[in-house]
Every structure is written in structure tokens, then in C-alpha cells.
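Printed here is upload.tsv (TSV, C-alpha atoms):
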```
chain	number	residue	atom	x	y	z
A	22	MET	CA	-24.92	65.02	15.32
A	23	LYS	CA	-28.50	66.01	16.11
A	24	ALA	CA	-30.68	69.10	15.79
A	25	VAL	CA	-34.26	70.13	16.52
A	26	MET	CA	-36.23	70.75	13.33
A	27	VAL	CA	-39.45	72.76	13.05
A	28	PRO	CA	-40.97	71.45	9.81
A	29	HIS	CA	-43.96	73.79	9.51
A	30	LYS	CA	-46.25	76.16	11.37
A	31	SER	CA	-48.45	74.55	14.03
A	32	ASP	CA	-52.01	75.50	14.87
A	33	ASP	CA	-51.36	75.48	18.62
A	34	ILE	CA	-48.92	74.20	21.23
A	35	ASN	CA	-50.61	70.80	21.38
A	36	ALA	CA	-50.01	70.33	17.67
A	37	LEU	CA	-46.32	71.24	17.90
A	38	ALA	CA	-44.25	68.28	16.77
A	39	LEU	CA	-40.56	69.08	16.91
A	40	GLN	CA	-38.43	66.63	14.96
A	41	ILE	CA	-34.97	65.43	15.97
A	42	VAL	CA	-32.89	65.17	12.81
A	43	ASN	CA	-29.29	64.45	11.84
A	44	GLN	CA	-27.06	67.45	11.20
A	45	GLU	CA	-23.78	67.38	9.32
A	46	GLN	CA	-21.00	69.72	10.39
A	47	PRO	CA	-21.20	72.77	8.10
A	48	THR	CA	-18.28	74.44	6.37
A	49	PRO	CA	-17.96	78.15	7.13
A	50	ALA	CA	-17.61	80.73	4.38
A	51	PRO	CA	-14.88	83.38	4.61
A	52	GLY	CA	-15.61	85.63	7.57
A	53	GLU	CA	-17.60	82.94	9.35
A	54	CYS	CA	-16.94	80.33	12.03
A	55	VAL	CA	-18.67	77.20	13.31
A	56	VAL	CA	-19.76	76.90	16.93
A	57	LYS	CA	-20.23	73.47	18.46
A	58	VAL	CA	-23.27	74.27	20.59
A	59	LEU	CA	-23.15	72.72	24.04
A	60	TYR	CA	-26.20	74.32	25.64
A	61	SER	CA	-29.04	76.52	24.44
A	62	GLY	CA	-31.72	78.41	26.32
A	63	VAL	CA	-35.42	78.00	25.52
A	64	ASN	CA	-37.21	81.36	25.47
A	65	PRO	CA	-40.91	82.16	25.01
A	66	SER	CA	-39.96	83.71	21.66
A	67	ASP	CA	-38.50	80.36	20.56
A	68	VAL	CA	-41.85	78.73	21.21
A	69	GLY	CA	-43.68	81.57	19.50
A	70	ALA	CA	-41.43	81.25	16.46
A	71	ALA	CA	-42.07	77.51	16.30
A	72	LEU	CA	-45.81	78.18	16.39
A	73	GLY	CA	-45.56	80.65	13.52
A	74	ALA	CA	-46.01	83.88	15.46
A	75	PHE	CA	-43.40	85.74	13.41
A	76	PRO	CA	-44.26	86.53	9.79
A	77	LEU	CA	-40.66	86.49	8.50
A	78	ALA	CA	-39.97	82.97	9.76
A	79	ILE	CA	-38.67	80.42	7.27
A	80	TRP	CA	-39.77	76.78	7.17
A	81	PRO	CA	-38.34	74.28	7.85
A	82	ARG	CA	-35.55	75.43	10.19
A	83	TYR	CA	-33.62	74.75	13.37
A	84	PRO	CA	-35.10	76.97	16.12
A	85	GLY	CA	-33.29	78.63	19.04
A	86	ARG	CA	-31.60	81.95	19.73
A	87	ASP	CA	-29.36	81.70	22.83
A	88	TYR	CA	-26.31	79.47	23.01
A	89	SER	CA	-22.99	78.62	24.60
A	90	GLY	CA	-20.35	76.48	22.99
A	91	VAL	CA	-16.88	76.12	21.49
A	92	ILE	CA	-15.58	77.31	18.13
A	93	ILE	CA	-14.43	74.34	16.03
A	94	ASP	CA	-13.92	75.86	12.58
A	95	GLY	CA	-13.07	79.23	11.10
A	96	PRO	CA	-10.04	81.44	11.76
A	97	THR	CA	-7.32	79.38	13.42
A	98	GLU	CA	-6.87	81.84	16.29
A	99	LEU	CA	-10.48	81.21	17.38
A	100	PHE	CA	-10.26	77.41	17.58
A	101	GLY	CA	-11.28	76.12	21.00
A	102	LYS	CA	-12.57	79.46	22.28
A	103	GLU	CA	-15.57	79.23	24.61
A	104	VAL	CA	-18.31	81.58	23.42
A	105	TRP	CA	-21.81	82.73	24.29
A	106	GLY	CA	-24.33	84.51	22.13
A	107	THR	CA	-27.78	85.16	20.78
A	108	GLY	CA	-29.36	86.79	17.76
A	109	GLY	CA	-32.76	88.09	16.76
A	110	GLU	CA	-32.62	86.31	13.41
A	111	LEU	CA	-31.50	82.96	14.83
A	112	GLY	CA	-34.17	80.27	14.76
A	113	ILE	CA	-36.53	82.57	12.88
A	114	ARG	CA	-35.07	83.93	9.64
A	115	ARG	CA	-32.19	81.46	9.60
A	116	ASN	CA	-31.20	78.23	11.35
A	117	GLY	CA	-30.70	78.66	15.06
A	118	SER	CA	-29.03	77.23	18.12
A	119	HIS	CA	-31.16	74.21	19.04
A	120	ALA	CA	-28.70	72.26	16.94
A	121	ALA	CA	-25.25	70.77	17.36
A	122	TYR	CA	-23.63	73.26	14.96
A	123	LEU	CA	-24.23	76.96	14.45
A	124	VAL	CA	-22.58	79.13	11.81
A	125	ILE	CA	-22.03	82.76	12.83
A	126	PRO	CA	-20.03	85.70	11.47
A	127	VAL	CA	-16.62	86.13	13.06
A	128	ALA	CA	-17.82	89.60	14.06
A	129	ALA	CA	-20.48	87.90	16.22
A	130	VAL	CA	-17.95	86.05	18.38
A	131	SER	CA	-18.13	86.99	22.04
A	132	LEU	CA	-15.93	85.13	24.50
A	133	LYS	CA	-17.81	83.73	27.49
A	134	PRO	CA	-16.89	85.17	30.92
A	135	GLU	CA	-14.69	82.65	32.71
A	136	ASN	CA	-16.76	82.77	35.92
A	137	VAL	CA	-20.01	81.90	34.10
A	138	SER	CA	-20.63	78.22	33.39
A	139	MET	CA	-21.67	76.92	29.98
A	140	GLN	CA	-25.13	76.08	31.29
A	141	GLU	CA	-25.58	79.56	32.76
A	142	ALA	CA	-24.20	81.32	29.68
A	143	ALA	CA	-26.81	79.63	27.50
A	144	GLY	CA	-29.63	81.36	29.39
A	145	ILE	CA	-28.35	84.93	29.36
A	146	GLY	CA	-28.79	86.13	25.78
A	147	VAL	CA	-32.37	87.15	25.02
A	148	PRO	CA	-33.32	88.44	28.51
A	149	PHE	CA	-30.19	90.52	29.10
A	150	VAL	CA	-29.84	91.82	25.54
A	151	THR	CA	-33.50	92.87	25.55
A	152	ALA	CA	-33.18	94.49	28.97
A	153	TYR	CA	-30.00	96.39	28.15
A	154	GLU	CA	-31.10	97.60	24.73
A	155	GLY	CA	-34.45	98.75	26.10
A	156	LEU	CA	-32.79	100.68	28.92
A	157	ARG	CA	-30.25	102.12	26.47
A	158	ARG	CA	-33.06	103.47	24.31
A	159	ALA	CA	-34.40	105.19	27.42
A	160	GLY	CA	-30.99	106.78	28.04
A	161	LEU	CA	-29.92	104.24	30.71
A	162	PRO	CA	-30.99	104.90	34.30
A	163	LYS	CA	-28.87	107.26	36.38
A	164	PRO	CA	-28.03	106.89	40.07
A	165	ASN	CA	-31.16	107.42	42.18
A	166	ASP	CA	-33.49	107.25	39.17
A	167	CYS	CA	-36.53	105.07	39.80
A	168	VAL	CA	-37.35	102.27	37.35
A	169	LEU	CA	-40.73	100.53	37.35
A	170	VAL	CA	-40.74	97.01	35.90
A	171	PHE	CA	-44.02	95.37	34.91
A	172	GLY	CA	-43.40	91.62	34.94
A	173	GLY	CA	-40.68	92.07	37.51
A	174	ASN	CA	-40.16	88.37	38.18
A	175	GLY	CA	-39.94	87.41	34.51
A	176	LYS	CA	-36.49	86.78	33.09
A	177	VAL	CA	-36.40	90.08	31.16
A	178	GLY	CA	-37.76	91.84	34.23
A	179	GLN	CA	-35.03	90.34	36.41
A	180	ALA	CA	-32.37	91.33	33.88
A	181	VAL	CA	-33.72	94.90	33.84
A	182	THR	CA	-33.55	94.97	37.63
A	183	GLN	CA	-29.97	93.71	37.68
A	184	ILE	CA	-28.76	96.23	35.12
A	185	ALA	CA	-30.69	99.16	36.61
A	186	THR	CA	-29.52	98.51	40.17
A	187	SER	CA	-25.93	98.00	38.97
A	188	LEU	CA	-26.15	101.58	37.66
A	189	GLY	CA	-27.38	102.89	40.99
A	190	ALA	CA	-31.08	103.16	40.17
A	191	LYS	CA	-33.93	102.14	42.45
A	192	VAL	CA	-36.33	99.50	41.14
A	193	ILE	CA	-40.01	98.86	41.81
A	194	GLY	CA	-41.36	95.62	40.40
A	195	VAL	CA	-44.98	94.78	39.58
A	196	GLU	CA	-46.13	91.19	39.39
A	197	PHE	CA	-49.50	89.51	39.23
A	198	GLY	CA	-49.95	87.69	42.53
A	199	ALA	CA	-46.42	88.11	43.85
A	200	SER	CA	-45.10	90.48	46.50
A	201	THR	CA	-41.50	89.20	46.66
A	202	TYR	CA	-38.75	89.71	44.09
A	203	LYS	CA	-37.23	86.35	43.11
A	204	GLY	CA	-34.02	87.37	41.35
A	205	PHE	CA	-30.64	88.93	42.07
A	206	SER	CA	-30.36	92.66	42.67
A	207	ASN	CA	-27.67	95.09	43.77
A	208	SER	CA	-30.12	96.89	46.07
A	209	PRO	CA	-33.51	96.10	47.64
A	210	VAL	CA	-36.46	95.84	45.25
A	211	LYS	CA	-39.95	96.85	46.31
A	212	MET	CA	-42.55	94.55	44.74
A	213	ILE	CA	-46.18	95.47	44.15
A	214	ASP	CA	-48.78	92.71	43.87
A	215	SER	CA	-51.11	93.94	41.14
A	216	ILE	CA	-53.93	91.70	42.43
A	217	THR	CA	-54.10	93.07	45.95
A	218	GLU	CA	-52.63	96.57	45.55
A	219	ASN	CA	-53.44	99.72	43.61
A	220	VAL	CA	-50.31	99.98	41.48
A	221	VAL	CA	-50.48	103.72	40.83
A	222	LYS	CA	-51.09	104.62	44.48
A	223	ALA	CA	-48.33	102.27	45.63
A	224	VAL	CA	-45.83	103.79	43.18
A	225	HIS	CA	-46.61	107.34	44.27
A	226	ASP	CA	-46.44	106.34	47.93
A	227	ILE	CA	-43.02	104.74	47.40
A	228	THR	CA	-41.66	107.69	45.39
A	229	GLY	CA	-43.15	110.43	47.56
A	230	GLY	CA	-45.45	111.50	44.75
A	231	HIS	CA	-42.67	111.95	42.19
A	232	GLY	CA	-43.44	108.92	40.05
A	233	VAL	CA	-40.91	106.85	38.14
A	234	ASP	CA	-38.31	107.96	35.60
A	235	ILE	CA	-38.39	104.82	33.46
A	236	VAL	CA	-41.08	102.19	32.96
A	237	PHE	CA	-40.00	98.88	31.46
A	238	ASN	CA	-43.27	97.32	30.36
A	239	THR	CA	-42.80	93.64	29.53
A	240	VAL	CA	-46.57	93.03	29.63
A	241	GLY	CA	-47.95	95.63	27.22
A	242	SER	CA	-51.52	96.93	27.06
A	243	PRO	CA	-52.79	95.39	30.35
A	244	SER	CA	-50.30	97.58	32.23
A	245	TYR	CA	-50.39	100.63	29.96
A	246	GLU	CA	-52.71	102.89	31.94
A	247	ASP	CA	-51.11	102.14	35.31
A	248	ALA	CA	-47.73	102.83	33.75
A	249	MET	CA	-48.84	106.16	32.31
A	250	GLN	CA	-50.21	107.34	35.66
A	251	ALA	CA	-47.04	106.22	37.44
A	252	MET	CA	-44.65	108.12	35.13
A	253	ALA	CA	-42.89	111.26	36.35
A	254	HIS	CA	-42.55	114.37	34.20
A	255	GLY	CA	-40.17	113.56	31.34
A	256	ALA	CA	-40.28	109.80	31.95
A	257	THR	CA	-39.87	107.12	29.28
A	258	GLN	CA	-41.87	103.92	28.86
A	259	ILE	CA	-40.32	100.93	27.05
A	260	PHE	CA	-42.53	98.34	25.37
A	261	ILE	CA	-41.24	94.90	24.34
A	262	SER	CA	-44.43	92.86	23.97
A	263	ASP	CA	-48.19	92.90	24.30
A	264	ARG	CA	-49.71	89.82	25.90
A	265	ALA	CA	-53.25	91.06	25.28
A	266	LYS	CA	-52.58	92.36	21.72
A	267	LYS	CA	-55.10	95.19	21.88
A	268	ASP	CA	-55.21	98.92	21.27
A	269	VAL	CA	-54.94	101.37	24.16
A	270	PRO	CA	-56.47	104.85	24.63
A	271	PHE	CA	-53.82	107.48	23.99
A	272	ASN	CA	-54.12	110.75	25.89
A	273	ILE	CA	-52.10	113.09	23.69
A	274	PHE	CA	-52.63	116.01	26.10
A	275	ARG	CA	-51.04	114.09	28.98
A	276	PHE	CA	-48.30	112.83	26.67
A	277	TYR	CA	-47.05	116.24	25.60
A	278	ARG	CA	-47.78	118.13	28.81
A	279	GLN	CA	-45.83	115.57	30.81
A	280	GLU	CA	-43.11	115.39	28.10
A	281	HIS	CA	-43.26	111.62	28.10
A	282	LYS	CA	-41.35	109.41	25.70
A	283	PHE	CA	-42.08	105.94	24.35
A	284	ALA	CA	-39.51	103.41	23.17
A	285	GLY	CA	-40.46	100.24	21.33
A	286	LEU	CA	-38.12	97.28	21.05
A	287	ASP	CA	-38.41	94.15	18.93
A	288	SER	CA	-35.48	91.90	19.81
A	289	GLN	CA	-35.85	90.09	16.47
A	290	ASP	CA	-34.25	93.13	14.86
A	291	ILE	CA	-31.05	92.86	16.91
A	292	ASP	CA	-28.80	90.52	14.95
A	293	VAL	CA	-25.98	88.26	16.17
A	294	VAL	CA	-23.29	90.91	15.62
A	295	GLN	CA	-25.21	93.58	17.52
A	296	CYS	CA	-26.02	91.09	20.29
A	297	ALA	CA	-22.33	90.20	20.62
A	298	GLN	CA	-21.52	93.88	21.07
A	299	ILE	CA	-24.13	94.17	23.83
A	300	LEU	CA	-22.89	91.02	25.58
A	301	ASN	CA	-19.35	92.43	25.45
A	302	GLU	CA	-20.62	95.59	27.16
A	303	LEU	CA	-22.32	93.49	29.84
A	304	LYS	CA	-19.39	91.14	30.35
A	305	PRO	CA	-17.54	93.29	32.95
A	306	GLY	CA	-20.66	93.21	35.12
A	307	PHE	CA	-20.74	89.41	35.06
A	308	ALA	CA	-17.01	89.37	35.79
A	309	ASP	CA	-17.25	91.61	38.87
A	310	GLY	CA	-20.52	90.13	40.18
A	311	THR	CA	-22.79	93.14	39.74
A	312	LEU	CA	-24.61	91.02	37.15
A	313	LYS	CA	-25.35	87.36	37.72
A	314	PRO	CA	-26.63	84.61	35.42
A	315	PHE	CA	-29.95	83.00	36.18
A	316	THR	CA	-29.77	79.91	38.36
A	317	VAL	CA	-29.94	76.79	36.22
A	318	MET	CA	-31.38	73.81	38.06
A	319	GLU	CA	-30.38	70.34	36.92
A	320	GLU	CA	-33.98	69.19	36.54
A	321	TYR	CA	-34.59	72.01	34.04
A	322	ILE	CA	-31.76	70.96	31.72
A	323	TYR	CA	-33.42	68.86	29.02
A	324	PRO	CA	-31.69	66.53	26.57
A	325	LEU	CA	-32.38	67.24	22.93
A	326	ASP	CA	-34.80	64.33	22.57
A	327	ARG	CA	-37.05	66.00	25.20
A	328	ALA	CA	-37.22	69.31	23.33
A	329	ASN	CA	-41.01	69.08	23.01
A	330	GLU	CA	-41.28	68.85	26.79
A	331	ALA	CA	-38.93	71.82	27.24
A	332	TYR	CA	-40.98	73.91	24.81
A	333	MET	CA	-44.23	73.00	26.56
A	334	LYS	CA	-42.74	73.88	29.94
A	335	THR	CA	-41.65	77.26	28.60
A	336	TYR	CA	-45.01	77.89	26.97
A	337	THR	CA	-46.93	77.28	30.20
A	338	GLY	CA	-44.83	79.88	32.02
A	339	SER	CA	-42.08	78.13	33.95
A	340	ASN	CA	-40.45	80.30	36.61
A	341	GLU	CA	-37.15	78.47	36.09
A	342	LYS	CA	-34.69	78.96	33.26
A	343	ILE	CA	-35.02	76.07	30.82
A	344	ILE	CA	-31.94	74.86	28.97
A	345	LEU	CA	-31.39	72.29	26.25
A	346	LYS	CA	-28.27	70.14	26.42
A	347	ILE	CA	-27.32	69.99	22.76
A	348	TYR	CA	-24.01	68.20	22.40
A	349	ALA	CA	-23.88	64.85	24.19
```
The structure in this file should be written as C-alpha cells.
Amino acid sequence: MKAVMVPHKSDDINALALQIVNQEQPTPAPGECVVKVLYSGVNPSDVGAALGAFPLAIWPRYPGRDYSGVIIDGPTELFGKEVWGTGGELGIRRNGSHAAYLVIPVAAVSLKPENVSMQEAAGIGVPFVTAYEGLRRAGLPKPNDCVLVFGGNGKVGQAVTQIATSLGAKVIGVEFGASTYKGFSNSPVKMIDSITENVVKAVHDITGGHGVDIVFNTVGSPSYEDAMQAMAHGATQIFISDRAKKDVPFNIFRFYRQEHKFAGLDSQDIDVVQCAQILNELKPGFADGTLKPFTVMEEYIYPLDRANEAYMKTYTGSNEKIILKIYA
């Protein structure tokens, strides 16, 4: 069978040359099982890892974090089980899911919800795990809390919105050049176009001057100051990335007087076992329809031999969920 191989760090996306190589079926050690990977999502972090953005990455390796597939080796009682999963170490510190076979600990097995297709299941991992763990670190939103999401139409932003509204919270999204929310939600989402609107004024108008209880900042420093001015007393801001990679001015007086809290999250540090536990917590929501997988369009399902194209599409900021079809 075949796998994508990243042989070495690349200088830039145009120099990225993913190799398609043969892969033999591995033999699991005690406490492990082998997943025959059917589909795997392509995330921006997969592209970043292939370009050498993460210092702990090994070379060469099979990239990829998210997957759906069938268990074909390991404990007998697991044979044939349909699974989904992801892991912060996959495709970075160890071989990942853009390959026909993936070895995982038995403790990392999470059975796929029956009402979610294999293609859909392959695109859930990183966005929903990141969204849930970030919100958990903020204490999880309560009914009628207000959550502000910078990058509201991104996949993590949409997952945050789904989870927050499933818990009864209200969501305000911020997006550069967009005034309409594109994803699923359990209640209406007010979108702010950061090009044409004053974000802070809009937030305070929407909340009657109260501000928001949680900020989920998927953008980082470019949105930092607006986020700080939009936060209510006692609010928490969650950071998962920084597109600009620059320092920000920190007003310690405002921080302690307003009793604000910050929560940082690096999804690379959430391993396959921890991710399986999170997916198991989210599974009832997918089963009852309060959470929904991202729509997977046929034209955005790429065969393995077009992996370079899929990576390039992801790198340039595709609005659609991109999936690799692994096992022919």
C-alpha cells in the first residue's frame, strides 16, 4: 500500500515535494492496534509540519493527524471496528495518518459515530479537539454566556461555535471581509466584518455594554487589542496561534483590575489517547445532531497521488474541508 512521505524540511511551499512511497503493513506491539486508514483530513498544521514549522518534528516521516478507518490488527475484539481519531504527535513526532496504515495504542481507539460518514469523520479531529479543549480550559461556556470568536468562519472557529451554542451560549464571530457565518450553529450567530466595522464598538452594542465572557482567538496578535477591549470583567481569552508572530503590549493594570484570564493551547501537546477521550465526550453531540461534521464536497477529496495539490490548496486558505482518500 501507499503513503505520503515528507523526506526533509522545505524552504517554502513551492519547494515542498511530497513523495508517494510503498508502505508495508506494520505489526502492532502489545497494547497497540493497526488502523487501515480510509480517509484523512489535511489541516494547516499538517502543511506547517511538512514545511518544518515545528522544532520537534522528525525526518523523514508520514505526515497527517486526522483519520478515519477500520482496525485490522490488534486485540481480536476490535477487528473490523470503524474508528476516527487524531493526535498532536501524529505526523510530527511520529508517523501519521497520510498513510495506508497507522499504529495507535488501544487506549486511543474511539469508535466512529454511526451517523457520521468516513469522509466526514476524517475532517473532525483537529478543529473539534482544539475547540473543545480550549473552551474547557476557559471553564466551558454556560447558558447565556457570550463567546467571541476571532476567525469565526475558520474550521476551528466553526467548531467553537457549534460547541458553544450546543451549551446554550451566544456567539459573536469576527471575520476579515465576511459578515455571514458559513457553518452550522444551534442558535443565530452575529458576524462582525473586521474590515468595515469597529469590532469593539460592535461587540459592546450587541452585548449592551457588558462585553463577552470568553474570547476564542484563533488569529493571535492582530486581534489581541480588540479582544482585550471586548472582554467583560472576569472574562477569559484563549490563544491557539499567532498568524503575525509578534509581541503585543500587555496592560497589567487592566489585566488585574478586570480579573481577566488567559489560556494558551498547543494542540501538538494533546496526544492520541487524550484526543480519543475528547472525541468520546463529543460523540453524543454528533449522535443527537447538536454537533455536525463539516460538509465534505466530492471535488475536495483528493487521491493520495494528488497530495501535493491538497497541501497547496490548504496552504492558500481553502474555505472547504480538504480530505485525502488513502486506501483505494
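Counting only C-alpha atoms, the residue from A:Tyr323, A:Tyr88, A:Tyr83, A:Phe274 that sits nearest to Ser61 (chain A) is A:Tyr88.
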- Message: When you look at Ala284 (chain A) with a cut-off of 12 Å (counting only C-alpha atoms), what residues show up, excluding the ones that are within fewer than 3 positions of it in the same chain? I need them as an MDAnalysis selection string.
- Response: chainID A and resid 154:160 235:238 256:262 281 287
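Using all atoms listed in the file, the smallest distance between any of A:Ala190, A:Met139, A:Ala180, A:Val233 and Pro164 (chain A) comes from A:Ala190.
Between Arg115 (chain A) and the candidates A:Asn35, A:Ser244, A:Gln298, A:Gln289, the tightest atom-to-atom separation, counting only C-alpha atoms, involves A:Gln289.
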- Task: Could you tell me which of A:Ile343, A:Val269, A:Val294, A:Ala251 comes closest to Tyr321 (chain A) if we count all atoms listed in the file?
- Result: A:Ile343
